[in-house]
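Colleague: Provided herewith: work01.cif, mmCIF, C-alpha atoms.
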```cif
data_model
loop_
_atom_site.group_PDB
_atom_site.id
_atom_site.type_symbol
_atom_site.label_atom_id
_atom_site.label_comp_id
_atom_site.auth_asym_id
_atom_site.auth_seq_id
_atom_site.Cartn_x
_atom_site.Cartn_y
_atom_site.Cartn_z
ATOM 1 C CA MET A 1 -40.778 -70.507 68.465
ATOM 2 C CA THR A 2 -41.791 -73.925 67.186
ATOM 3 C CA LYS A 3 -39.344 -76.809 67.001
ATOM 4 C CA SER A 4 -39.597 -76.794 63.216
ATOM 5 C CA ALA A 5 -38.348 -73.184 63.081
ATOM 6 C CA ARG A 6 -34.840 -74.575 63.567
ATOM 7 C CA TYR A 7 -35.012 -76.468 60.294
ATOM 8 C CA ILE A 8 -34.965 -75.149 56.737
ATOM 9 C CA LYS A 9 -38.154 -75.898 54.887
ATOM 10 C CA ILE A 10 -38.370 -75.694 51.110
ATOM 11 C CA VAL A 11 -41.432 -75.250 48.929
ATOM 12 C CA GLU A 12 -40.827 -75.252 45.205
ATOM 13 C CA TRP A 13 -42.781 -75.609 42.003
ATOM 14 C CA SER A 14 -42.609 -78.998 40.297
ATOM 15 C CA ASN A 15 -43.104 -78.884 36.537
ATOM 16 C CA GLU A 16 -43.459 -82.662 36.536
ATOM 17 C CA ASP A 17 -46.247 -82.664 39.131
ATOM 18 C CA GLU A 18 -47.626 -79.237 38.155
ATOM 19 C CA CYS A 19 -47.933 -78.146 41.771
ATOM 20 C CA PHE A 20 -45.865 -76.913 44.719
ATOM 21 C CA ILE A 21 -43.937 -79.569 46.657
ATOM 22 C CA GLY A 22 -42.724 -79.178 50.252
ATOM 23 C CA TYR A 23 -39.797 -80.887 51.963
ATOM 24 C CA CYS A 24 -37.364 -80.368 54.840
ATOM 25 C CA PRO A 25 -33.757 -81.472 54.167
ATOM 26 C CA GLY A 26 -32.435 -83.720 56.910
ATOM 27 C CA ILE A 27 -35.930 -84.339 58.290
ATOM 28 C CA ILE A 28 -38.299 -85.473 55.553
ATOM 29 C CA GLY A 29 -38.346 -85.625 51.773
ATOM 30 C CA PRO A 30 -41.232 -84.469 49.614
ATOM 31 C CA CYS A 31 -44.217 -84.854 51.915
ATOM 32 C CA CYS A 32 -46.922 -82.433 50.852
ATOM 33 C CA HIS A 33 -48.106 -80.733 47.711
ATOM 34 C CA GLY A 34 -50.736 -78.329 46.451
ATOM 35 C CA ASP A 35 -51.626 -75.446 44.174
ATOM 36 C CA GLU A 36 -51.059 -72.690 46.763
ATOM 37 C CA GLU A 37 -47.463 -72.088 47.857
ATOM 38 C CA THR A 38 -48.430 -70.669 51.255
ATOM 39 C CA GLU A 39 -50.775 -73.570 52.000
ATOM 40 C CA VAL A 40 -48.052 -76.099 51.159
ATOM 41 C CA TYR A 41 -45.650 -74.236 53.483
ATOM 42 C CA ARG A 42 -48.242 -74.285 56.279
ATOM 43 C CA LYS A 43 -48.761 -78.046 55.812
ATOM 44 C CA LEU A 44 -45.008 -78.606 55.706
ATOM 45 C CA CYS A 45 -44.466 -76.759 59.001
ATOM 46 C CA GLN A 46 -47.197 -78.847 60.621
ATOM 47 C CA ILE A 47 -45.727 -82.115 59.294
ATOM 48 C CA VAL A 48 -42.219 -81.233 60.500
ATOM 49 C CA ASP A 49 -43.535 -80.234 63.957
ATOM 50 C CA GLU A 50 -45.411 -83.539 64.204
ATOM 51 C CA TRP A 51 -42.393 -85.517 62.991
ATOM 52 C CA LEU A 52 -40.170 -83.857 65.615
ATOM 53 C CA ASP A 53 -42.756 -84.473 68.378
ATOM 54 C CA ILE A 54 -42.987 -88.169 67.482
ATOM 55 C CA ALA A 55 -39.208 -88.542 67.330
ATOM 56 C CA GLN A 56 -38.894 -86.899 70.732
ATOM 57 C CA GLN A 57 -41.655 -89.094 72.238
ATOM 58 C CA GLU A 58 -39.822 -92.172 70.943
ATOM 59 C CA ASN A 59 -36.565 -90.882 72.469
ATOM 60 C CA LYS A 60 -34.934 -90.653 69.068
ATOM 61 C CA GLN A 61 -32.092 -88.208 68.673
ATOM 62 C CA LEU A 62 -33.246 -85.162 66.741
ATOM 63 C CA PRO A 63 -31.184 -84.130 63.733
ATOM 64 C CA PRO A 64 -29.051 -81.034 64.224
ATOM 65 C CA PRO A 65 -30.790 -77.763 63.309
ATOM 66 C CA THR A 66 -30.280 -76.693 59.724
ATOM 67 C CA THR A 67 -30.896 -72.956 60.082
ATOM 68 C CA GLY A 68 -27.782 -70.846 60.090
ATOM 69 C CA ARG A 69 -25.840 -73.443 58.113
ATOM 70 C CA ASN A 70 -24.628 -73.359 54.555
ATOM 71 C CA LEU A 71 -27.637 -74.456 52.502
ATOM 72 C CA THR A 72 -25.389 -75.976 49.823
ATOM 73 C CA GLU A 73 -24.010 -78.598 52.217
ATOM 74 C CA LEU A 74 -27.566 -79.636 53.137
ATOM 75 C CA LEU A 75 -28.653 -80.195 49.581
ATOM 76 C CA ILE A 76 -25.636 -82.131 48.352
#
```
Take the structure in this file and express it as structure tokens.

Modeller:
Amino acid sequence: MTKSARYIKIVEWSNEDECFIGYCPGIIGPCCHGDEETEVYRKLCQIVDEWLDIAQQENKQLPPPTTGRNLTELLI
């Protein structure tokens, strides 16, 4: 299991941008986009893994995992 598997990742269509946008609440805001939903998700997972690796290398405290939590409280 990758580190990013512990964090909810969201890919959604943006009418404004006319493409899919990927973000990970609590980790990173909109950070990747594209025409293919699965490709955006793949990029998003890679970005989150890299972000977590860098944070760990810099001895920063990682945010608590977001999987298994109430999604509503993450998005408010």

Colleague: Box for region 45-55 of chain A: with edges along x, y and z, all listed atoms inside and 3 Å added on each side, what are the centre and edge lengths in Å to one decimal, as lines of an AutoDock Vina configuration file?

Modeller:
```
center_x = -43.2
center_y = -82.7
center_z = 63.7
size_x = 14.0
size_y = 17.8
size_z = 15.4
```

Colleague: Residues within 6 Å of region 8-20 of chain A, please, as a PDB file with C-alpha atoms, keeping the file's coordinate frame. Count only C-alpha atoms; anything in the same chain fewer than 5 positions from it doesn't count.

Modeller:
```pdb
ATOM      1  CA  HIS A  33     -48.106 -80.733  47.711  1.00  0.00           C
ATOM      2  CA  GLY A  34     -50.736 -78.329  46.451  1.00  0.00           C
ATOM      3  CA  ASP A  35     -51.626 -75.446  44.174  1.00  0.00           C
ATOM      4  CA  GLU A  37     -47.463 -72.088  47.857  1.00  0.00           C
ATOM      5  CA  THR A  66     -30.280 -76.693  59.724  1.00  0.00           C
ATOM      6  CA  THR A  67     -30.896 -72.956  60.082  1.00  0.00           C
TER       7      THR A  67
END
```

Colleague: Contacts of Ser4 (chain A) at 8 Å or less, counting only C-alpha atoms, minus same-chain residues fewer than 3 places along, as a list in words?

Modeller: Tyr7, Cys45, Val48, Asp49 and Leu52 of chain A

Colleague: Rounded to one decimal place, report the CA of Pro65 (chain A)-CA of Arg6 (chain A) distance in Å.

Modeller: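 According to the coordinates, CA of Pro65 (chain A) and CA of Arg6 (chain A) are separated by 5.2 Å.
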
Colleague: Work out how far CA of Pro63 (chain A) is from CA of Glu39 (chain A), in Å to one decimal.

Modeller: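 Separating CA of Glu39 (chain A) from CA of Pro63 (chain A) is a distance of 25.2 Å.
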
Colleague: Have a look at CA of Gln61 (chain A) and CA of Gln46 (chain A) and let me know their distance in Å, one decimal.

Modeller: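 Atom-to-atom, CA of Gln61 (chain A) to CA of Gln46 (chain A), that is 19.5 Å.
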
Colleague: Could you check which of A:Ile28, A:Ala5, A:Gly22, A:Leu62 is closest to Val40 (chain A), using all atoms listed in the file?

Modeller: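 Counting all atoms listed in the file, the residue closest to Val40 (chain A) is A:Gly22.
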
Colleague: Return the single residue from A:Ile27, A:Thr2, A:Ile21, A:Glu36 that is closest to Ala55 (chain A), with distances computed using all atoms listed in the file.

Modeller: A:Ile27

Colleague: For a quick check of understanding, using only C-alpha atoms, which of A:Gln56, A:Thr38, A:Lys43, A:Glu50 has the smallest distance to Tyr23 (chain A)?

Modeller: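 Smallest distance to Tyr23 (chain A) is found for A:Lys43.
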